[in-house]
>>> print(open('final.txt').read())   # compact mmCIF, C-alpha atoms and all ligand atoms
# COMPACT_ATOMS: atom_id res chain seq x y z
CA MET A 16 104.29 146.17 56.98
CA THR A 17 104.41 149.97 57.27
CA LYS A 18 104.92 151.72 53.95
CA ILE A 19 107.90 154.05 53.83
CA GLY A 20 107.85 156.92 51.40
CA ILE A 21 109.22 160.36 50.74
CA LEU A 22 107.69 163.12 52.85
CA GLY A 23 109.57 166.02 51.27
CA VAL A 24 112.37 166.80 48.84
CA GLY A 25 114.76 169.71 48.38
CA LYS A 26 117.70 170.70 46.23
CA TYR A 27 120.47 173.25 46.06
CA LEU A 28 122.55 174.30 43.07
CA PRO A 29 125.35 176.85 43.41
CA GLU A 30 124.72 180.15 41.61
CA ASN A 31 127.90 180.15 39.56
CA VAL A 32 127.27 178.77 36.05
CA LEU A 33 130.18 177.45 33.96
CA THR A 34 129.12 177.21 30.31
CA ASN A 35 130.70 175.28 27.45
CA ALA A 36 131.69 178.67 26.01
CA ASP A 37 133.63 179.35 29.23
CA LEU A 38 135.38 175.96 28.88
CA GLU A 39 136.28 176.74 25.26
CA LYS A 40 138.35 179.65 26.63
CA MET A 41 140.11 177.43 29.17
CA LEU A 42 140.85 174.28 27.13
CA ASP A 43 141.14 172.71 23.69
CA THR A 44 137.44 171.80 23.48
CA THR A 45 134.28 172.94 21.75
CA ASP A 46 130.65 173.41 22.69
CA GLU A 47 129.81 171.15 19.75
CA TRP A 48 131.98 168.25 21.06
CA ILE A 49 130.63 168.53 24.59
CA VAL A 50 126.97 168.76 23.53
CA THR A 51 127.06 165.95 20.98
CA ARG A 52 129.20 163.59 23.10
CA THR A 53 127.58 164.24 26.48
CA GLY A 54 124.45 166.42 26.25
CA ILE A 55 125.93 168.94 28.71
CA LYS A 56 125.62 172.69 28.03
CA GLU A 57 126.49 174.11 31.42
CA ARG A 58 127.17 173.08 35.00
CA ARG A 59 127.15 174.75 38.44
CA ILE A 60 130.35 175.38 40.37
CA ALA A 61 130.34 175.91 44.14
CA ALA A 62 132.07 178.95 45.60
CA GLU A 63 135.58 178.44 46.96
CA ASN A 64 134.36 178.72 50.57
CA GLU A 65 131.28 176.56 49.94
CA ALA A 66 131.84 172.96 51.07
CA THR A 67 129.71 169.89 50.44
CA SER A 68 128.02 170.19 53.85
CA ASP A 69 126.95 173.79 53.07
CA MET A 70 125.13 172.59 49.95
CA ALA A 71 123.77 169.55 51.80
CA VAL A 72 122.30 171.70 54.58
CA LYS A 73 120.56 174.01 52.11
CA ALA A 74 118.95 171.08 50.29
CA ALA A 75 118.04 169.41 53.61
CA LYS A 76 116.33 172.54 54.97
CA LEU A 77 114.09 172.68 51.90
CA ALA A 78 113.28 168.97 52.13
CA LEU A 79 112.32 169.42 55.80
CA LYS A 80 110.21 172.48 54.95
CA ASN A 81 108.38 170.59 52.21
CA ALA A 82 107.80 167.70 54.62
CA LYS A 83 106.50 170.24 57.19
CA LEU A 84 109.00 168.87 59.69
CA GLU A 85 111.72 170.33 61.90
CA PRO A 86 115.31 169.06 62.27
CA GLU A 87 114.38 167.60 65.68
CA ASP A 88 111.84 165.30 63.98
CA ILE A 89 114.70 163.43 62.24
CA ASP A 90 115.94 160.12 63.68
CA LEU A 91 118.71 159.29 61.20
CA ILE A 92 120.95 161.26 58.82
CA ILE A 93 122.68 159.69 55.81
CA VAL A 94 124.87 161.72 53.46
CA ALA A 95 125.92 160.12 50.17
CA THR A 96 129.07 161.79 48.90
CA ILE A 97 132.51 161.11 47.46
CA THR A 98 133.54 164.71 48.14
CA PRO A 99 133.08 164.98 51.92
CA ASP A 100 134.14 168.17 53.69
CA MET A 101 137.06 166.12 55.06
CA PHE A 102 137.89 162.47 55.78
CA PHE A 103 136.34 162.70 59.22
CA PRO A 104 134.19 163.71 60.98
CA SER A 105 131.66 162.59 58.40
CA THR A 106 129.79 165.22 56.42
CA ALA A 107 126.60 163.80 57.96
CA CYS A 108 127.89 164.76 61.43
CA VAL A 109 128.69 168.26 60.16
CA VAL A 110 125.19 168.49 58.68
CA GLN A 111 123.60 167.27 61.92
CA GLN A 112 125.33 170.04 63.86
CA LYS A 113 124.56 172.76 61.27
CA LEU A 114 120.88 171.78 61.11
CA GLY A 115 120.56 171.63 64.88
CA ALA A 116 119.24 168.07 64.68
CA ARG A 117 119.15 165.77 67.69
CA LYS A 118 122.09 163.45 68.52
CA VAL A 119 120.77 160.80 66.14
CA PRO A 120 122.95 158.43 64.08
CA ALA A 121 124.64 160.33 61.26
CA PHE A 122 127.00 158.78 58.73
CA ASP A 123 128.29 159.07 55.18
CA ILE A 124 128.13 156.45 52.47
CA SER A 125 130.72 156.34 49.69
CA VAL A 126 129.20 154.70 46.62
CA ALA A 127 129.80 157.47 44.07
CA CYS A 128 126.96 158.12 41.63
CA SER A 129 124.71 155.42 43.14
CA GLY A 130 124.68 157.20 46.50
CA TYR A 131 121.12 158.54 46.41
CA VAL A 132 119.65 155.12 45.59
CA TYR A 133 121.82 153.40 48.22
CA GLY A 134 120.89 156.09 50.78
CA LEU A 135 117.15 155.80 50.14
CA THR A 136 117.34 152.00 50.28
CA LEU A 137 119.32 152.03 53.51
CA ALA A 138 116.97 154.53 55.15
CA ASP A 139 113.91 152.54 54.03
CA SER A 140 115.39 149.34 55.53
CA LEU A 141 116.45 150.98 58.79
CA ILE A 142 113.06 152.62 59.31
CA LYS A 143 111.42 149.24 58.69
CA THR A 144 113.40 147.74 61.58
CA GLY A 145 111.25 149.91 63.83
CA GLY A 146 114.23 151.67 65.37
CA TYR A 147 113.77 154.96 63.50
CA LYS A 148 110.74 156.85 62.26
CA ARG A 149 112.06 159.52 59.93
CA ALA A 150 115.32 159.75 58.03
CA LEU A 151 117.07 162.48 56.14
CA VAL A 152 118.93 161.27 53.05
CA ILE A 153 121.16 163.80 51.32
CA ALA A 154 123.28 163.37 48.21
CA ALA A 155 125.76 166.21 47.88
CA GLU A 156 128.90 166.69 45.83
CA LYS A 157 131.52 169.33 45.18
CA LEU A 158 133.17 167.56 42.25
CA SER A 159 134.78 170.81 41.13
CA ALA A 160 137.14 170.40 44.11
CA VAL A 161 138.48 167.07 42.78
CA THR A 162 138.49 167.87 39.06
CA ASP A 163 141.65 168.28 37.01
CA TRP A 164 140.78 171.50 35.21
CA GLU A 165 143.45 170.87 32.56
CA GLU A 166 142.12 167.41 31.60
CA ARG A 167 139.49 167.95 28.92
CA SER A 168 138.25 164.35 28.93
CA THR A 169 136.90 164.76 32.47
CA CYS A 170 136.59 168.40 33.49
CA VAL A 171 133.82 169.19 31.00
CA LEU A 172 131.61 166.53 32.58
CA PHE A 173 131.22 167.41 36.23
CA GLY A 174 129.26 169.86 38.36
CA ASP A 175 128.33 170.61 41.96
CA GLY A 176 125.01 170.38 43.79
CA ALA A 177 122.88 168.67 46.41
CA GLY A 178 119.51 166.97 46.72
CA ALA A 179 117.74 165.75 49.84
CA ALA A 180 114.75 163.67 50.84
CA VAL A 181 112.95 163.12 54.14
CA LEU A 182 111.67 159.56 54.48
CA GLY A 183 109.03 158.27 56.81
CA PRO A 184 105.77 156.32 57.08
CA VAL A 185 103.17 157.07 54.40
CA GLU A 186 99.51 156.08 54.00
CA GLU A 187 99.76 155.36 50.28
CA GLY A 188 102.51 154.50 47.81
CA GLY A 189 106.09 154.55 49.06
CA ILE A 190 109.21 152.58 48.19
CA LEU A 191 108.17 149.30 46.57
CA GLY A 192 111.59 147.74 46.06
CA ALA A 193 115.26 148.27 45.36
CA ALA A 194 118.15 146.37 43.83
CA LEU A 195 121.73 147.31 44.68
CA GLY A 196 125.02 145.90 43.47
CA ALA A 197 128.76 146.45 43.19
CA ASP A 198 131.74 145.11 41.23
CA GLY A 199 135.05 146.00 42.85
CA SER A 200 137.01 144.29 40.08
CA LYS A 201 136.37 147.33 37.86
CA GLY A 202 137.21 149.95 40.47
CA ASP A 203 140.15 151.32 38.52
CA LEU A 204 137.89 152.62 35.75
CA LEU A 205 136.85 155.58 37.88
CA GLN A 206 138.86 156.65 40.88
CA LEU A 207 140.57 159.34 42.89
CA PRO A 208 143.88 157.60 43.59
CA ALA A 209 145.64 159.61 46.30
CA GLY A 210 144.99 160.99 49.74
CA GLY A 211 144.04 157.70 51.40
CA SER A 212 146.13 155.12 53.25
CA ARG A 213 147.36 153.53 50.00
CA MET A 214 148.87 156.75 48.70
CA PRO A 215 148.93 159.45 51.38
CA ALA A 216 149.07 163.06 50.26
CA SER A 217 152.59 164.22 49.39
CA ILE A 218 154.18 166.89 47.23
CA LYS A 219 154.54 164.20 44.55
CA THR A 220 150.84 163.22 44.60
CA VAL A 221 149.88 166.86 44.29
CA GLU A 222 152.36 167.47 41.46
CA ASN A 223 151.02 164.38 39.64
CA LYS A 224 147.43 165.54 40.17
CA LEU A 225 146.53 162.29 41.89
CA HIS A 226 143.94 164.05 44.05
CA THR A 227 141.65 164.45 41.05
CA ILE A 228 139.20 162.15 39.28
CA LYS A 229 140.72 159.64 36.83
CA MET A 230 138.29 157.99 34.47
CA GLU A 231 138.36 155.55 31.57
CA GLY A 232 135.30 157.08 29.99
CA ASN A 233 134.76 154.92 26.95
CA VAL A 234 135.15 151.61 28.85
CA LEU A 235 132.76 152.87 31.53
CA PHE A 236 130.31 153.96 28.87
CA LYS A 237 129.88 150.38 27.65
CA HIS A 238 129.35 149.03 31.16
CA ALA A 239 126.94 151.83 32.09
CA VAL A 240 124.20 151.00 29.61
CA LYS A 241 124.15 147.27 30.42
CA ILE A 242 124.47 147.72 34.18
CA MET A 243 121.71 150.33 34.39
CA ALA A 244 119.39 148.20 32.24
CA ASP A 245 120.14 145.08 34.33
CA ALA A 246 119.57 147.02 37.58
CA ALA A 247 116.22 148.24 36.26
CA LEU A 248 115.23 144.64 35.48
CA ALA A 249 116.44 143.42 38.87
CA VAL A 250 114.03 145.76 40.65
CA THR A 251 111.06 145.69 38.25
CA GLU A 252 110.83 141.95 37.54
CA PRO A 253 110.15 140.79 41.13
CA LEU A 254 107.45 143.49 41.35
CA GLY A 255 105.85 142.26 38.11
CA LEU A 256 106.46 145.63 36.42
CA LYS A 257 107.26 146.15 32.73
CA GLY A 258 108.78 149.20 31.01
CA ASP A 259 105.27 150.44 30.18
CA ASP A 260 104.23 150.43 33.84
CA ILE A 261 106.91 152.96 34.71
CA ASP A 262 105.70 156.54 34.44
CA LEU A 263 109.08 158.20 34.76
CA ILE A 264 112.72 157.10 34.92
CA ILE A 265 115.05 159.27 36.97
CA PRO A 266 118.50 158.15 35.84
CA HIS A 267 121.92 159.19 37.04
CA GLN A 268 122.86 161.91 34.57
CA ALA A 269 126.27 160.77 33.28
CA ASN A 270 125.82 161.10 29.53
CA ILE A 271 122.78 161.70 27.33
CA ARG A 272 123.87 158.92 24.96
CA ILE A 273 123.98 156.40 27.85
CA LEU A 274 120.48 157.44 28.90
CA LYS A 275 118.98 157.21 25.41
CA ALA A 276 120.56 153.77 24.97
CA LEU A 277 119.08 152.76 28.35
CA ALA A 278 115.60 153.86 27.26
CA LYS A 279 116.00 151.88 24.03
CA ARG A 280 117.04 148.73 25.91
CA MET A 281 114.09 149.14 28.25
CA GLY A 282 111.75 149.67 25.29
CA VAL A 283 110.47 153.03 26.54
CA ASP A 284 110.08 156.36 24.75
CA PRO A 285 112.92 158.60 26.00
CA GLU A 286 110.89 161.76 25.25
CA LYS A 287 108.07 160.65 27.54
CA LYS A 288 109.71 158.52 30.20
CA LEU A 289 113.21 159.82 30.76
CA TYR A 290 113.81 162.76 33.11
CA LEU A 291 116.83 164.69 31.85
CA ASN A 292 118.60 167.68 33.33
CA ILE A 293 122.18 166.86 32.30
CA GLU A 294 122.09 169.85 29.94
CA LYS A 295 121.95 172.27 32.90
CA TYR A 296 124.04 170.55 35.56
CA GLY A 297 126.34 167.93 34.03
CA ASN A 298 127.28 164.90 36.11
CA MET A 299 127.01 165.64 39.85
CA SER A 300 127.67 162.04 40.96
CA ALA A 301 125.31 161.09 43.83
CA ALA A 302 123.60 164.49 43.67
CA SER A 303 122.53 163.97 40.04
CA SER A 304 119.61 161.63 40.64
CA ALA A 305 118.70 163.44 43.88
CA VAL A 306 118.45 166.80 42.11
CA ALA A 307 116.64 165.24 39.13
CA PHE A 308 114.09 163.55 41.40
CA THR A 309 113.53 166.78 43.33
CA GLU A 310 113.09 168.79 40.13
CA ALA A 311 110.64 166.26 38.73
CA VAL A 312 108.54 166.53 41.91
CA GLU A 313 108.75 170.33 42.04
CA SER A 314 107.80 170.77 38.37
CA GLY A 315 104.77 168.48 38.67
CA ARG A 316 106.28 165.94 36.28
CA ILE A 317 105.75 163.34 39.03
CA LYS A 318 102.08 162.99 39.90
CA LYS A 319 100.21 161.15 42.63
CA GLY A 320 100.12 157.42 41.94
CA ASP A 321 103.01 157.52 39.44
CA ILE A 322 105.49 154.64 39.42
CA ILE A 323 109.01 156.06 39.39
CA LEU A 324 112.27 154.24 38.70
CA ILE A 325 115.46 155.83 40.03
CA ASP A 326 118.41 154.14 38.31
CA ALA A 327 122.06 154.92 38.98
CA PHE A 328 125.53 153.66 38.18
CA GLY A 329 128.98 154.85 39.18
CA GLY A 330 132.48 154.37 40.51
CA GLY A 331 133.19 151.26 42.54
CA LEU A 332 131.63 150.07 40.36
CA THR A 333 128.29 150.42 42.10
CA TRP A 334 124.71 150.48 40.89
CA GLY A 335 121.26 150.77 42.31
CA ALA A 336 117.68 150.91 41.07
CA LEU A 337 114.66 151.75 43.18
CA ILE A 338 110.93 151.84 42.52
CA ILE A 339 108.78 154.33 44.34
CA LYS A 340 105.04 154.92 44.03
CA TRP A 341 104.30 158.59 44.51
O1 LIG A 401 129.21 158.97 36.49
C1 LIG A 401 129.20 157.61 36.22
C2 LIG A 401 130.30 157.09 35.44
N1 LIG A 401 130.66 157.85 34.29
C3 LIG A 401 130.26 157.48 33.08
O2 LIG A 401 129.48 156.59 32.93
C4 LIG A 401 130.89 158.20 31.92
C5 LIG A 401 130.86 157.33 30.73
N2 LIG A 401 131.63 157.83 29.62
C6 LIG A 401 131.29 158.88 28.85
O3 LIG A 401 130.32 159.57 29.10
C7 LIG A 401 132.11 159.15 27.61
O4 LIG A 401 133.01 158.10 27.42
C8 LIG A 401 132.90 160.49 27.62
C9 LIG A 401 131.91 161.65 27.49
C10 LIG A 401 133.67 160.61 28.90
C11 LIG A 401 133.84 160.57 26.44
O5 LIG A 401 133.15 160.37 25.24
P1 LIG A 401 133.70 159.32 24.15
O6 LIG A 401 132.78 159.39 23.02
O7 LIG A 401 133.84 158.01 24.86
O8 LIG A 401 135.08 159.95 23.75
P2 LIG A 401 136.56 159.33 23.85
O9 LIG A 401 137.01 159.32 25.27
O10 LIG A 401 136.58 158.01 23.11
O11 LIG A 401 137.38 160.38 23.03
C12 LIG A 401 137.14 160.62 21.65
C13 LIG A 401 137.99 161.77 21.19
C14 LIG A 401 139.46 161.63 21.58
O12 LIG A 401 140.24 162.14 20.53
P3 LIG A 401 140.96 161.14 19.51
O13 LIG A 401 141.86 160.27 20.35
O14 LIG A 401 139.87 160.37 18.85
O15 LIG A 401 141.70 162.06 18.59
C15 LIG A 401 139.61 162.56 22.76
O16 LIG A 401 140.88 163.07 22.92
O17 LIG A 401 137.53 163.00 21.78
C16 LIG A 401 138.63 163.68 22.39
N3 LIG A 401 138.14 164.44 23.52
C17 LIG A 401 137.71 165.70 23.43
N4 LIG A 401 137.64 166.55 22.40
C18 LIG A 401 137.16 167.78 22.63
C19 LIG A 401 137.99 164.00 24.82
N5 LIG A 401 137.48 165.01 25.56
C20 LIG A 401 137.30 166.06 24.73
C21 LIG A 401 136.79 167.36 24.92
N6 LIG A 401 136.74 168.19 23.85
N7 LIG A 401 136.35 167.81 26.11
>>> encode(input="final.txt", output="structure tokens")
Amino acid sequence: MTKIGILGVGKYLPENVLTNADLEKMLDTTDEWIVTRTGIKERRIAAENEATSDMAVKAAKLALKNAKLEPEDIDLIIVATITPDMFFPSTACVVQQKLGARKVPAFDISVACSGYVYGLTLADSLIKTGGYKRALVIAAEKLSAVTDWEERSTCVLFGDGAGAAVLGPVEEGGILGAALGADGSKGDLLQLPAGGSRMPASIKTVENKLHTIKMEGNVLFKHAVKIMADAALAVTEPLGLKGDDIDLIIPHQANIRILKALAKRMGVDPEKKLYLNIEKYGNMSAASSAVAFTEAVESGRIKKGDIILIDAFGGGLTWGALIIKW
């Protein structure tokens, strides 16, 4: 069977940096609390007139450039986001138009922080059907638009950004396997309650801040470590891979303590095998692992022949782990 791999990656982070010191001036919080509890020092915040599709397009253009391809070479566009420009049209359709791509299928997927892994897996599978040759997968989020800036237990965590990958046939390496999952019974642990058909937007929903992220952080924390470790096993075991065989883990960057606990469970050295950028960007939901993967490629941390595990977990609950040989 044809091997499908990543032909190019790109990322975009808004210029505006919001530091913990800035948050100290806005809320009852401290740099010390945020750093020790989460590992975050600063995060990027998109401009008011900068929507998710604007960030997505910038990341996508760089991914195409690195792949030495043009928008017309793309046969499929998937955008993973929980902060679309609007309900519909999909952000992927907006991106298609802004890029000047052909009238190829374009759609969003809503799986929160697992969006990059789901998107890559979906693109890999669709290309393997033979119907498409090259796909553009973008994970982009403007979480600052759905953050309650007076709620210290959530607003210190999130940031904005986008990462993109162009997928297509490769001679060597490529995606070796993926394991996806979901558990809707725990959906209420992380949600944005209003604005949909269950609770349409009203003056009351706005007054009650129901258009912002609600999270039961400490309950989620406990699930995160186990779910990410189980997802890693679900993808590595069938491939006969052990922790030692993995050269680098690109995890969803939710909390440094979750990631260190994950490394411990997997029996790998976090200093050597864990790619971390949470310090600079916070939690960008789907964009977190996309930006981390892109950075790891750009910085040379990922080398030819390396076995990479991308491992994510998020609202839904959803999770996904994917192995790629570079
Ligand atoms: O993206 C994928 C899904 N997300 C996750 O997986 C997130 C998982 N959860 C977490 O990362 C952590 O649970 C948090 C970082 C969200 C919170 O850390 P925690 O250690 O679980 O803290 P906590 O919620 O149990 O709160 C401990 C204390 C509380 O005070 P009391 O009740 O003990 O007096 C909070 O009010 O810390 C307080 N607190 C803060 N203090 C200063 C909560 N937020 C802040 C803050 N600054 N920003």
>>> atom_distance(input="final.txt", atom1="atom CA of A:Gly23", atom2="atom CA of A:Thr136")
16.1 Å
>>> residues_near_ligand(input="final.txt", ligand="ligand LIG 401 (chain A)", cutoff="6 Å", atoms="all atoms listed in the file", output="JSON, numbers by chain")
{"A": [44, 45, 48, 49, 52, 53, 128, 167, 168, 171, 232, 233, 235, 236, 239, 269, 270, 300, 328, 329]}
>>> write_last_selection(input="final.txt", atoms="C-alpha atoms", output="mmCIF file, in the coordinates of the input")
data_model
loop_
_atom_site.group_PDB
_atom_site.id
_atom_site.type_symbol
_atom_site.label_atom_id
_atom_site.label_comp_id
_atom_site.auth_asym_id
_atom_site.auth_seq_id
_atom_site.Cartn_x
_atom_site.Cartn_y
_atom_site.Cartn_z
ATOM 1 C CA THR A 44 137.440 171.800 23.480
ATOM 2 C CA THR A 45 134.280 172.940 21.750
ATOM 3 C CA TRP A 48 131.980 168.250 21.060
ATOM 4 C CA ILE A 49 130.630 168.530 24.590
ATOM 5 C CA ARG A 52 129.200 163.590 23.100
ATOM 6 C CA THR A 53 127.580 164.240 26.480
ATOM 7 C CA CYS A 128 126.960 158.120 41.630
ATOM 8 C CA ARG A 167 139.490 167.950 28.920
ATOM 9 C CA SER A 168 138.250 164.350 28.930
ATOM 10 C CA VAL A 171 133.820 169.190 31.000
ATOM 11 C CA GLY A 232 135.300 157.080 29.990
ATOM 12 C CA ASN A 233 134.760 154.920 26.950
ATOM 13 C CA LEU A 235 132.760 152.870 31.530
ATOM 14 C CA PHE A 236 130.310 153.960 28.870
ATOM 15 C CA ALA A 239 126.940 151.830 32.090
ATOM 16 C CA ALA A 269 126.270 160.770 33.280
ATOM 17 C CA ASN A 270 125.820 161.100 29.530
ATOM 18 C CA SER A 300 127.670 162.040 40.960
ATOM 19 C CA PHE A 328 125.530 153.660 38.180
ATOM 20 C CA GLY A 329 128.980 154.850 39.180
#
>>> residues_around(input="final.txt", residues="A:Asn35", least_positions_apart="4", cutoff="12 Å", atoms="all atoms listed in the file", output="PyMOL selection string")
chain A and resi 39-51+53-59+167+170-173+294-297
>>> residues_around(input="final.txt", residues="A:Ala276", least_positions_apart="5", cutoff="9 Å", atoms="only C-alpha atoms", output="NGL selection string")
:A and (240 or 271 or 281)
>>> closest_residue(input="final.txt", among="A:Ala216, A:Ala301, A:Ala78, A:Ile142", to="A:Val94", atoms="only C-alpha atoms")
A:Ala301
>>> closest_residue(input="final.txt", among="A:Val119, A:Leu141, A:Leu135, A:Val24", to="A:Ala311", atoms="only C-alpha atoms")
A:Val24
>>> closest_residue(input="final.txt", among="A:Ile218, A:Gly134, A:Thr227, A:His267", to="A:Glu165", atoms="all atoms listed in the file")
A:Thr227
>>> residues_around(input="final.txt", residues="stretch 254-259 of chain A", least_positions_apart="5", cutoff="9 Å", atoms="only C-alpha atoms", output="VMD selection string")
chain A and resid 191 to 192 248 281 to 283
>>> closest_residue(input="final.txt", among="A:Thr162, A:Ser217, A:Asn298, A:Ser212", to="A:Lys229", atoms="all atoms listed in the file")
A:Thr162
>>> closest_residue(input="final.txt", among="A:Lys201, A:His238, A:Lys143, A:Lys157", to="A:Met70", atoms="all atoms listed in the file")
A:Lys157
>>> closest_residue(input="final.txt", among="A:Ala197, A:Gly210, A:Gly188, A:Leu137", to="A:Asp321", atoms="all atoms listed in the file")
A:Gly188
